[in-house]
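A.B. asks: So that you have it, the file is input_3.cif, and it contains mmCIF, C-alpha atoms:
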```cif
data_structure
#
loop_
_atom_site.group_PDB
_atom_site.id
_atom_site.type_symbol
_atom_site.label_atom_id
_atom_site.label_comp_id
_atom_site.auth_asym_id
_atom_site.auth_seq_id
_atom_site.Cartn_x
_atom_site.Cartn_y
_atom_site.Cartn_z
ATOM 1 C CA PRO A 482 -12.035 11.159 -14.919
ATOM 2 C CA TYR A 483 -11.402 8.467 -12.302
ATOM 3 C CA ASP A 484 -9.468 10.582 -9.817
ATOM 4 C CA PRO A 485 -11.155 11.126 -6.448
ATOM 5 C CA MET A 486 -12.659 14.602 -6.191
ATOM 6 C CA PRO A 487 -12.309 16.250 -2.781
ATOM 7 C CA PHE A 488 -15.588 17.997 -2.059
ATOM 8 C CA GLN A 489 -15.905 18.026 1.722
ATOM 9 C CA TRP A 490 -13.880 18.302 4.893
ATOM 10 C CA SER A 491 -14.549 18.604 8.604
ATOM 11 C CA VAL A 492 -12.136 19.644 11.345
ATOM 12 C CA HIS A 493 -12.524 19.668 15.101
ATOM 13 C CA VAL A 494 -9.883 21.933 16.624
ATOM 14 C CA GLN A 495 -8.742 21.811 20.220
ATOM 15 C CA ARG A 496 -6.525 24.810 20.886
ATOM 16 C CA LYS A 497 -5.123 23.397 24.146
ATOM 17 C CA ARG A 498 -5.584 20.352 26.361
ATOM 18 C CA GLY A 499 -8.963 20.423 28.043
ATOM 19 C CA ALA A 500 -10.343 23.217 25.842
ATOM 20 C CA ASP A 501 -13.672 22.844 24.104
ATOM 21 C CA LEU A 502 -13.635 21.610 20.525
ATOM 22 C CA GLU A 503 -14.263 24.108 17.739
ATOM 23 C CA HIS A 504 -15.839 22.704 14.584
ATOM 24 C CA TYR A 505 -15.158 23.918 11.043
ATOM 25 C CA GLU A 506 -16.463 22.385 7.832
ATOM 26 C CA PHE A 507 -16.659 22.761 4.093
ATOM 27 C CA LEU A 508 -19.019 21.184 1.592
ATOM 28 C CA ALA A 509 -18.977 22.181 -2.049
ATOM 29 C CA ASP A 510 -22.510 22.858 -3.175
ATOM 30 C CA SER A 511 -22.221 23.881 -6.805
ATOM 31 C CA LYS A 512 -21.138 22.276 -10.067
ATOM 32 C CA ASP A 513 -17.968 24.395 -10.084
ATOM 33 C CA ASP A 514 -14.622 22.700 -9.435
ATOM 34 C CA PRO A 515 -14.560 22.408 -5.613
ATOM 35 C CA ARG A 516 -10.798 21.960 -5.272
ATOM 36 C CA PRO A 517 -9.625 25.613 -5.084
ATOM 37 C CA LEU A 518 -12.115 26.564 -2.363
ATOM 38 C CA PHE A 519 -11.623 23.202 -0.630
ATOM 39 C CA ALA A 520 -7.858 23.829 -0.383
ATOM 40 C CA LYS A 521 -8.161 27.479 0.601
ATOM 41 C CA THR A 522 -10.687 26.882 3.376
ATOM 42 C CA LEU A 523 -8.897 23.778 4.684
ATOM 43 C CA CYS A 524 -5.592 25.646 4.929
ATOM 44 C CA GLN A 525 -7.343 28.466 6.797
ATOM 45 C CA ALA A 526 -9.065 26.073 9.199
ATOM 46 C CA VAL A 527 -5.999 24.046 10.204
ATOM 47 C CA GLY A 528 -3.584 26.983 10.238
ATOM 48 C CA PRO A 529 0.197 26.710 10.054
ATOM 49 C CA LYS A 530 0.948 24.827 13.285
ATOM 50 C CA GLY A 531 -0.211 21.996 15.514
ATOM 51 C CA SER A 532 -0.782 18.290 15.043
ATOM 52 C CA ILE A 533 -3.539 17.127 12.726
ATOM 53 C CA VAL A 534 -5.064 13.840 13.818
ATOM 54 C CA VAL A 535 -6.334 11.649 10.985
ATOM 55 C CA TYR A 536 -7.583 8.084 10.758
ATOM 56 C CA ASN A 537 -5.527 6.483 7.974
ATOM 57 C CA LYS A 538 -2.650 8.827 7.267
ATOM 58 C CA ALA A 539 -1.736 7.128 3.975
ATOM 59 C CA PHE A 540 -5.195 7.801 2.552
ATOM 60 C CA GLU A 541 -5.421 11.391 3.782
ATOM 61 C CA SER A 542 -1.885 12.248 2.708
ATOM 62 C CA GLY A 543 -2.548 10.726 -0.704
ATOM 63 C CA ARG A 544 -5.589 12.936 -1.240
ATOM 64 C CA LEU A 545 -3.574 15.961 -0.133
ATOM 65 C CA SER A 546 -0.766 15.082 -2.579
ATOM 66 C CA GLU A 547 -3.319 14.949 -5.397
ATOM 67 C CA LEU A 548 -4.699 18.307 -4.291
ATOM 68 C CA ALA A 549 -1.191 19.822 -4.294
ATOM 69 C CA ARG A 550 -0.593 18.522 -7.839
ATOM 70 C CA TRP A 551 -3.897 19.982 -9.034
ATOM 71 C CA LEU A 552 -3.328 23.301 -7.254
ATOM 72 C CA PRO A 553 0.394 24.110 -7.244
ATOM 73 C CA GLN A 554 -0.311 27.559 -5.768
ATOM 74 C CA HIS A 555 -1.381 25.756 -2.551
ATOM 75 C CA ALA A 556 1.339 23.068 -2.637
ATOM 76 C CA GLY A 557 3.476 24.679 0.076
ATOM 77 C CA MET A 558 0.600 24.912 2.553
ATOM 78 C CA ILE A 559 -0.598 21.419 1.688
ATOM 79 C CA THR A 560 2.890 19.961 2.186
ATOM 80 C CA GLY A 561 2.969 21.712 5.554
ATOM 81 C CA ILE A 562 -0.330 20.080 6.478
ATOM 82 C CA GLN A 563 0.984 16.670 5.414
ATOM 83 C CA SER A 564 4.039 17.048 7.648
ATOM 84 C CA ARG A 565 1.744 17.545 10.656
ATOM 85 C CA LEU A 566 -0.502 14.501 10.128
ATOM 86 C CA TRP A 567 -0.673 12.086 13.046
ATOM 87 C CA ASP A 568 -2.294 8.699 12.406
ATOM 88 C CA LEU A 569 -4.767 7.573 15.064
ATOM 89 C CA LEU A 570 -5.389 4.345 13.124
ATOM 90 C CA ALA A 571 -1.736 3.313 13.587
ATOM 91 C CA VAL A 572 -1.991 3.969 17.333
ATOM 92 C CA VAL A 573 -5.201 1.963 17.668
ATOM 93 C CA ARG A 574 -3.825 -0.930 15.585
ATOM 94 C CA ALA A 575 -0.652 -1.118 17.661
ATOM 95 C CA ASN A 576 -2.219 -0.750 21.092
ATOM 96 C CA VAL A 577 -5.917 -1.570 21.237
ATOM 97 C CA TYR A 578 -8.142 -4.534 20.512
ATOM 98 C CA HIS A 579 -11.742 -5.124 21.447
ATOM 99 C CA PRO A 580 -13.863 -8.143 20.470
ATOM 100 C CA ALA A 581 -16.483 -5.743 19.077
ATOM 101 C CA PHE A 582 -13.955 -4.697 16.396
ATOM 102 C CA ALA A 583 -14.669 -8.120 14.836
ATOM 103 C CA GLY A 584 -11.214 -8.080 13.267
ATOM 104 C CA SER A 585 -11.631 -4.654 11.661
ATOM 105 C CA TYR A 586 -9.856 -1.467 12.621
ATOM 106 C CA SER A 587 -12.084 0.771 10.514
ATOM 107 C CA LEU A 588 -13.447 3.797 12.299
ATOM 108 C CA LYS A 589 -16.941 2.354 11.846
ATOM 109 C CA SER A 590 -15.888 -0.723 13.881
ATOM 110 C CA VAL A 591 -13.683 0.962 16.465
ATOM 111 C CA LEU A 592 -15.989 3.850 17.332
ATOM 112 C CA PRO A 593 -18.991 1.942 18.744
ATOM 113 C CA ALA A 594 -16.686 -0.345 20.744
ATOM 114 C CA LEU A 595 -14.721 2.453 22.409
ATOM 115 C CA VAL A 596 -17.199 5.360 22.286
ATOM 116 C CA PRO A 597 -20.617 3.691 22.552
ATOM 117 C CA ASP A 598 -22.544 6.974 22.686
ATOM 118 C CA LEU A 599 -21.453 7.827 19.105
ATOM 119 C CA SER A 600 -22.757 5.822 16.170
ATOM 120 C CA TYR A 601 -23.257 5.978 12.425
ATOM 121 C CA GLU A 602 -26.391 3.853 12.680
ATOM 122 C CA GLY A 603 -29.521 5.428 11.315
ATOM 123 C CA MET A 604 -27.705 8.202 9.465
ATOM 124 C CA LEU A 605 -28.855 8.972 5.927
ATOM 125 C CA VAL A 606 -25.168 9.031 4.926
ATOM 126 C CA SER A 607 -23.050 6.655 6.995
ATOM 127 C CA GLU A 608 -19.945 5.833 4.937
ATOM 128 C CA GLY A 609 -17.647 7.355 2.336
ATOM 129 C CA GLY A 610 -19.108 5.671 -0.737
ATOM 130 C CA GLU A 611 -22.574 6.872 0.197
ATOM 131 C CA ALA A 612 -21.182 10.366 0.735
ATOM 132 C CA GLY A 613 -19.800 10.551 -2.795
ATOM 133 C CA LEU A 614 -23.094 9.411 -4.292
ATOM 134 C CA ALA A 615 -25.106 11.778 -2.114
ATOM 135 C CA TRP A 616 -22.886 14.713 -3.111
ATOM 136 C CA GLU A 617 -23.270 13.809 -6.777
ATOM 137 C CA ARG A 618 -27.074 13.777 -6.396
ATOM 138 C CA MET A 619 -26.969 17.036 -4.444
ATOM 139 C CA ILE A 620 -25.026 19.013 -7.044
ATOM 140 C CA ARG A 621 -26.104 17.344 -10.285
ATOM 141 C CA GLY A 622 -29.538 16.007 -9.487
ATOM 142 C CA ASN A 623 -32.763 17.728 -10.329
ATOM 143 C CA LEU A 624 -33.877 17.831 -6.702
ATOM 144 C CA ASP A 625 -36.439 19.998 -5.028
ATOM 145 C CA PRO A 626 -34.907 22.401 -2.502
ATOM 146 C CA ASN A 627 -36.035 20.337 0.518
ATOM 147 C CA LYS A 628 -34.371 17.135 -0.752
ATOM 148 C CA ARG A 629 -31.218 19.033 -1.664
ATOM 149 C CA SER A 630 -31.139 20.638 1.779
ATOM 150 C CA GLY A 631 -31.665 17.209 3.387
ATOM 151 C CA LEU A 632 -28.732 15.717 1.472
ATOM 152 C CA ARG A 633 -26.555 18.657 2.437
ATOM 153 C CA ALA A 634 -27.459 18.245 6.106
ATOM 154 C CA ALA A 635 -26.809 14.491 5.928
ATOM 155 C CA LEU A 636 -23.373 15.003 4.354
ATOM 156 C CA LEU A 637 -22.395 17.607 6.931
ATOM 157 C CA ALA A 638 -23.596 15.391 9.809
ATOM 158 C CA TYR A 639 -21.647 12.382 8.520
ATOM 159 C CA CYS A 640 -18.375 14.232 8.025
ATOM 160 C CA LYS A 641 -18.753 16.029 11.361
ATOM 161 C CA LEU A 642 -19.211 12.696 13.122
ATOM 162 C CA ASP A 643 -16.016 11.364 11.515
ATOM 163 C CA THR A 644 -13.880 14.113 13.003
ATOM 164 C CA LEU A 645 -15.743 14.211 16.319
ATOM 165 C CA ALA A 646 -15.175 10.453 16.533
ATOM 166 C CA MET A 647 -11.424 10.928 16.217
ATOM 167 C CA ALA A 648 -11.401 13.645 18.877
ATOM 168 C CA ARG A 649 -13.393 11.453 21.269
ATOM 169 C CA LEU A 650 -11.264 8.373 20.543
ATOM 170 C CA LEU A 651 -8.108 10.353 21.145
ATOM 171 C CA ALA A 652 -9.476 11.645 24.462
ATOM 172 C CA ILE A 653 -10.386 8.130 25.595
ATOM 173 C CA LEU A 654 -7.014 6.695 24.614
ATOM 174 C CA ALA A 655 -5.136 9.564 26.250
ATOM 175 C CA ALA A 656 -7.054 8.981 29.481
ATOM 176 C CA THR A 657 -6.096 5.300 29.695
#
```
Now that the file is in, can you turn its structure into structure tokens?

C.D. replies:
Amino acid sequence: PYDPMPFQWSVHVQRKRGADLEHYEFLADSKDDPRPLFAKTLCQAVGPKGSIVVYNKAFESGRLSELARWLPQHAGMITGIQSRLWDLLAVVRANVYHPAFAGSYSLKSVLPALVPDLSYEGMLVSEGGEAGLAWERMIRGNLDPNKRSGLRAALLAYCKLDTLAMARLLAILAAT
């Protein structure tokens, strides 16, 4: 009962250098177990080749390992995804410091310092803990359709910003 439950993902795909980003996303919106559809749609979105940039490889790989244990039929694809993870956090930690980080290398600290036009400020959902609580309210709460739709939009916007942030950070670092 205390295991993390994967319920949402976002991916920005760049097919080749200089190409526009393509955005794909998944958000479970029912009380059904989200893991099978989460895994299936994630595997489809990232495909079988190419690097997958993450921010905190240990965390992301850990969640994927849990998913593979829960869904052995997807274990091969998930292991393939794990082998392609590339940790942007490790690159930033080893090569970049800005006083605005204030000693933190979290994406929430790094992003406004290096990509000032992107920010989590003012978002209804602006960090992972809030996302989990918002999802719980969305699927289990007795909400009117407008509030439920607002939570869904807020969750999608938050997760989309996370992956857009990594794409923009990577572009800035690659240009320097």

A.B. asks: Quick one: everything within 10 Å of range 637-645 of chain A, counting all atoms listed in the file, minus sequence neighbours fewer than 4 positions away in the same chain. Send it as an NGL selection string.

C.D. replies: :A and (489-494 or 502 or 504-508 or 534-536 or 588-589 or 592 or 599-601 or 604-609 or 612 or 631-633 or 649-651)

A.B. asks: In Å, how far is it from CA of Ile533 in chain A to CA of Leu566 in chain A?

C.D. replies: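 Computing the Euclidean distance for CA of Ile533 in chain A and CA of Leu566 in chain A yields 4.8 Å.
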
A.B. asks: Go through the shown structure with the PyMOL selection byres ((chain A and resi 555) around 12) and write out the matching residues as a JSON list (two decimals) with C-alpha atoms, in the frame of the given file.

C.D. replies:
```
[["chain", "number", "residue", "atom", "x", "y", "z"],
["A", 516, "ARG", "CA", -10.80, 21.96, -5.27],
["A", 517, "PRO", "CA", -9.62, 25.61, -5.08],
["A", 518, "LEU", "CA", -12.12, 26.56, -2.36],
["A", 519, "PHE", "CA", -11.62, 23.20, -0.63],
["A", 520, "ALA", "CA", -7.86, 23.83, -0.38],
["A", 521, "LYS", "CA", -8.16, 27.48, 0.60],
["A", 522, "THR", "CA", -10.69, 26.88, 3.38],
["A", 523, "LEU", "CA", -8.90, 23.78, 4.68],
["A", 524, "CYS", "CA", -5.59, 25.65, 4.93],
["A", 525, "GLN", "CA", -7.34, 28.47, 6.80],
["A", 545, "LEU", "CA", -3.57, 15.96, -0.13],
["A", 546, "SER", "CA", -0.77, 15.08, -2.58],
["A", 547, "GLU", "CA", -3.32, 14.95, -5.40],
["A", 548, "LEU", "CA", -4.70, 18.31, -4.29],
["A", 549, "ALA", "CA", -1.19, 19.82, -4.29],
["A", 550, "ARG", "CA", -0.59, 18.52, -7.84],
["A", 551, "TRP", "CA", -3.90, 19.98, -9.03],
["A", 552, "LEU", "CA", -3.33, 23.30, -7.25],
["A", 553, "PRO", "CA", 0.39, 24.11, -7.24],
["A", 554, "GLN", "CA", -0.31, 27.56, -5.77],
["A", 556, "ALA", "CA", 1.34, 23.07, -2.64],
["A", 557, "GLY", "CA", 3.48, 24.68, 0.08],
["A", 558, "MET", "CA", 0.60, 24.91, 2.55],
["A", 559, "ILE", "CA", -0.60, 21.42, 1.69],
["A", 560, "THR", "CA", 2.89, 19.96, 2.19],
["A", 561, "GLY", "CA", 2.97, 21.71, 5.55],
["A", 562, "ILE", "CA", -0.33, 20.08, 6.48]]
```

A.B. asks: Please identify all polymer residues within 12 Å of Asn576 in chain A, counting all atoms listed in the file, omitting same-chain residues fewer than 2 positions from it, and present them as a VMD selection string.

C.D. replies: chain A and resid 569 to 574 578 to 579 586 654 to 655 657

A.B. asks: Please, could you write that set of residues out with C-alpha atoms as a PDB file, in the frame of the given file?

C.D. replies:
```pdb
ATOM      1  CA  LEU A 569      -4.767   7.573  15.064  1.00  0.00           C
ATOM      2  CA  LEU A 570      -5.389   4.345  13.124  1.00  0.00           C
ATOM      3  CA  ALA A 571      -1.736   3.313  13.587  1.00  0.00           C
ATOM      4  CA  VAL A 572      -1.991   3.969  17.333  1.00  0.00           C
ATOM      5  CA  VAL A 573      -5.201   1.963  17.668  1.00  0.00           C
ATOM      6  CA  ARG A 574      -3.825  -0.930  15.585  1.00  0.00           C
ATOM      7  CA  TYR A 578      -8.142  -4.534  20.512  1.00  0.00           C
ATOM      8  CA  HIS A 579     -11.742  -5.124  21.447  1.00  0.00           C
ATOM      9  CA  TYR A 586      -9.856  -1.467  12.621  1.00  0.00           C
ATOM     10  CA  LEU A 654      -7.014   6.695  24.614  1.00  0.00           C
ATOM     11  CA  ALA A 655      -5.136   9.564  26.250  1.00  0.00           C
ATOM     12  CA  THR A 657      -6.096   5.300  29.695  1.00  0.00           C
TER      13      THR A 657
END
```

A.B. asks: For CA of Ile620 in chain A and CA of Ser542 in chain A, quote the distance in Å rounded to one decimal.

C.D. replies: 26.0 Å

A.B. asks: Determine the residue set returned by the PyMOL selection byres ((chain A and resi 486) around 10) for the present structure, and present it as a ChimeraX atom specification.

C.D. replies: /A:482-485,487-489,514-516,544,547-548,613

A.B. asks: How far is it from CA of Gly622 in chain A to CA of Asp510 in chain A, in Å with one decimal?

C.D. replies: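 Separation of CA of Gly622 in chain A and CA of Asp510 in chain A: 11.7 Å.
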
A.B. asks: Return the single residue from A:Lys512, A:Lys538, A:Arg618, A:Lys628 that is closest to Asp568 in chain A, with distances computed using only C-alpha atoms.

C.D. replies: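 The closest residue to Asp568 in chain A is A:Lys538.
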
A.B. asks: Saving range 597-628 of chain A with N, CA, C and O atoms, as a CSV table (one decimal), in the first residue's frame, what would that file be?

C.D. replies:
```
chain,number,residue,atom,x,y,z
A,597,PRO,N,15.0,31.4,-17.8
A,597,PRO,CA,14.1,32.3,-17.1
A,597,PRO,C,12.7,32.5,-17.6
A,597,PRO,O,11.8,32.9,-16.9
A,598,ASP,N,12.5,32.1,-18.9
A,598,ASP,CA,11.1,32.3,-19.4
A,598,ASP,C,10.2,31.1,-19.1
A,598,ASP,O,9.0,31.1,-19.4
A,599,LEU,N,10.7,30.1,-18.4
A,599,LEU,CA,9.9,28.9,-17.9
A,599,LEU,C,9.9,29.0,-16.4
A,599,LEU,O,10.9,29.1,-15.8
A,600,SER,N,8.7,28.8,-15.8
A,600,SER,CA,8.6,28.8,-14.4
A,600,SER,C,7.4,28.0,-13.9
A,600,SER,O,6.4,27.8,-14.6
A,601,TYR,N,7.5,27.4,-12.7
A,601,TYR,CA,6.5,26.7,-12.1
A,601,TYR,C,5.6,27.6,-11.2
A,601,TYR,O,4.6,27.2,-10.7
A,602,GLU,N,6.0,28.9,-11.1
A,602,GLU,CA,5.3,29.8,-10.2
A,602,GLU,C,3.9,30.0,-10.8
A,602,GLU,O,3.7,30.2,-12.0
A,603,GLY,N,2.9,30.1,-9.9
A,603,GLY,CA,1.5,30.3,-10.2
A,603,GLY,C,0.8,29.1,-10.8
A,603,GLY,O,-0.4,29.3,-11.0
A,604,MET,N,1.4,28.0,-10.9
A,604,MET,CA,0.7,26.8,-11.4
A,604,MET,C,-0.1,26.2,-10.2
A,604,MET,O,0.3,26.2,-9.1
A,605,LEU,N,-1.3,25.7,-10.6
A,605,LEU,CA,-2.1,25.0,-9.6
A,605,LEU,C,-1.4,23.8,-9.0
A,605,LEU,O,-1.5,23.5,-7.8
A,606,VAL,N,-0.7,23.1,-9.9
A,606,VAL,CA,0.2,22.0,-9.4
A,606,VAL,C,1.6,22.3,-9.8
A,606,VAL,O,1.8,22.6,-11.0
A,607,SER,N,2.5,22.4,-8.8
A,607,SER,CA,3.8,22.9,-9.2
A,607,SER,C,5.0,22.0,-8.6
A,607,SER,O,6.1,22.3,-8.7
A,608,GLU,N,4.6,20.8,-8.0
A,608,GLU,CA,5.6,19.9,-7.6
A,608,GLU,C,5.0,18.5,-7.4
A,608,GLU,O,3.8,18.4,-7.4
A,609,GLY,N,5.9,17.5,-7.4
A,609,GLY,CA,5.4,16.1,-7.4
A,609,GLY,C,4.5,15.7,-6.3
A,609,GLY,O,3.5,15.0,-6.5
A,610,GLY,N,4.7,16.2,-5.1
A,610,GLY,CA,3.8,15.8,-4.0
A,610,GLY,C,2.4,16.4,-4.2
A,610,GLY,O,1.4,15.7,-4.0
A,611,GLU,N,2.3,17.6,-4.7
A,611,GLU,CA,1.0,18.2,-5.1
A,611,GLU,C,0.4,17.4,-6.2
A,611,GLU,O,-0.9,17.2,-6.2
A,612,ALA,N,1.2,16.9,-7.1
A,612,ALA,CA,0.6,16.1,-8.3
A,612,ALA,C,-0.1,14.9,-7.8
A,612,ALA,O,-1.2,14.6,-8.2
A,613,GLY,N,0.6,14.2,-6.9
A,613,GLY,CA,0.0,13.0,-6.3
A,613,GLY,C,-1.4,13.2,-5.6
A,613,GLY,O,-2.3,12.5,-5.8
A,614,LEU,N,-1.4,14.3,-4.8
A,614,LEU,CA,-2.6,14.6,-4.1
A,614,LEU,C,-3.7,15.1,-5.1
A,614,LEU,O,-4.9,14.8,-4.9
A,615,ALA,N,-3.3,15.9,-6.1
A,615,ALA,CA,-4.3,16.3,-7.1
A,615,ALA,C,-4.9,15.2,-7.8
A,615,ALA,O,-6.1,15.1,-8.1
A,616,TRP,N,-4.0,14.2,-8.2
A,616,TRP,CA,-4.5,13.0,-8.9
A,616,TRP,C,-5.5,12.2,-8.1
A,616,TRP,O,-6.6,11.8,-8.5
A,617,GLU,N,-5.1,12.1,-6.8
A,617,GLU,CA,-6.0,11.3,-5.9
A,617,GLU,C,-7.4,12.0,-5.8
A,617,GLU,O,-8.4,11.4,-5.9
A,618,ARG,N,-7.4,13.4,-5.7
A,618,ARG,CA,-8.7,14.1,-5.6
A,618,ARG,C,-9.4,13.9,-7.0
A,618,ARG,O,-10.7,13.8,-7.0
A,619,MET,N,-8.7,14.0,-8.1
A,619,MET,CA,-9.3,13.9,-9.4
A,619,MET,C,-10.0,12.5,-9.6
A,619,MET,O,-11.1,12.5,-10.1
A,620,ILE,N,-9.4,11.4,-9.2
A,620,ILE,CA,-10.0,10.1,-9.5
A,620,ILE,C,-10.9,9.6,-8.4
A,620,ILE,O,-11.8,8.8,-8.6
A,621,ARG,N,-10.7,10.0,-7.1
A,621,ARG,CA,-11.4,9.5,-6.0
A,621,ARG,C,-12.4,10.5,-5.4
A,621,ARG,O,-13.3,10.2,-4.6
A,622,GLY,N,-12.2,11.8,-5.7
A,622,GLY,CA,-13.0,12.8,-5.1
A,622,GLY,C,-14.4,12.9,-5.7
A,622,GLY,O,-14.6,12.4,-6.9
A,623,ASN,N,-15.3,13.5,-5.0
A,623,ASN,CA,-16.6,13.7,-5.5
A,623,ASN,C,-16.7,15.1,-6.0
A,623,ASN,O,-17.3,16.0,-5.4
A,624,LEU,N,-16.0,15.3,-7.2
A,624,LEU,CA,-15.9,16.6,-7.8
A,624,LEU,C,-16.9,16.9,-8.9
A,624,LEU,O,-17.2,15.9,-9.6
A,625,ASP,N,-17.3,18.1,-9.0
A,625,ASP,CA,-18.1,18.4,-10.2
A,625,ASP,C,-17.2,18.4,-11.4
A,625,ASP,O,-16.0,18.5,-11.3
A,626,PRO,N,-17.8,18.2,-12.6
A,626,PRO,CA,-17.0,18.0,-13.8
A,626,PRO,C,-16.0,19.2,-14.1
A,626,PRO,O,-14.9,18.9,-14.6
A,627,ASN,N,-16.4,20.4,-13.7
A,627,ASN,CA,-15.5,21.5,-14.0
A,627,ASN,C,-14.2,21.5,-13.1
A,627,ASN,O,-13.1,21.7,-13.6
A,628,LYS,N,-14.4,21.1,-11.8
A,628,LYS,CA,-13.2,21.0,-10.9
A,628,LYS,C,-12.4,19.8,-11.4
A,628,LYS,O,-11.1,19.9,-11.3
```
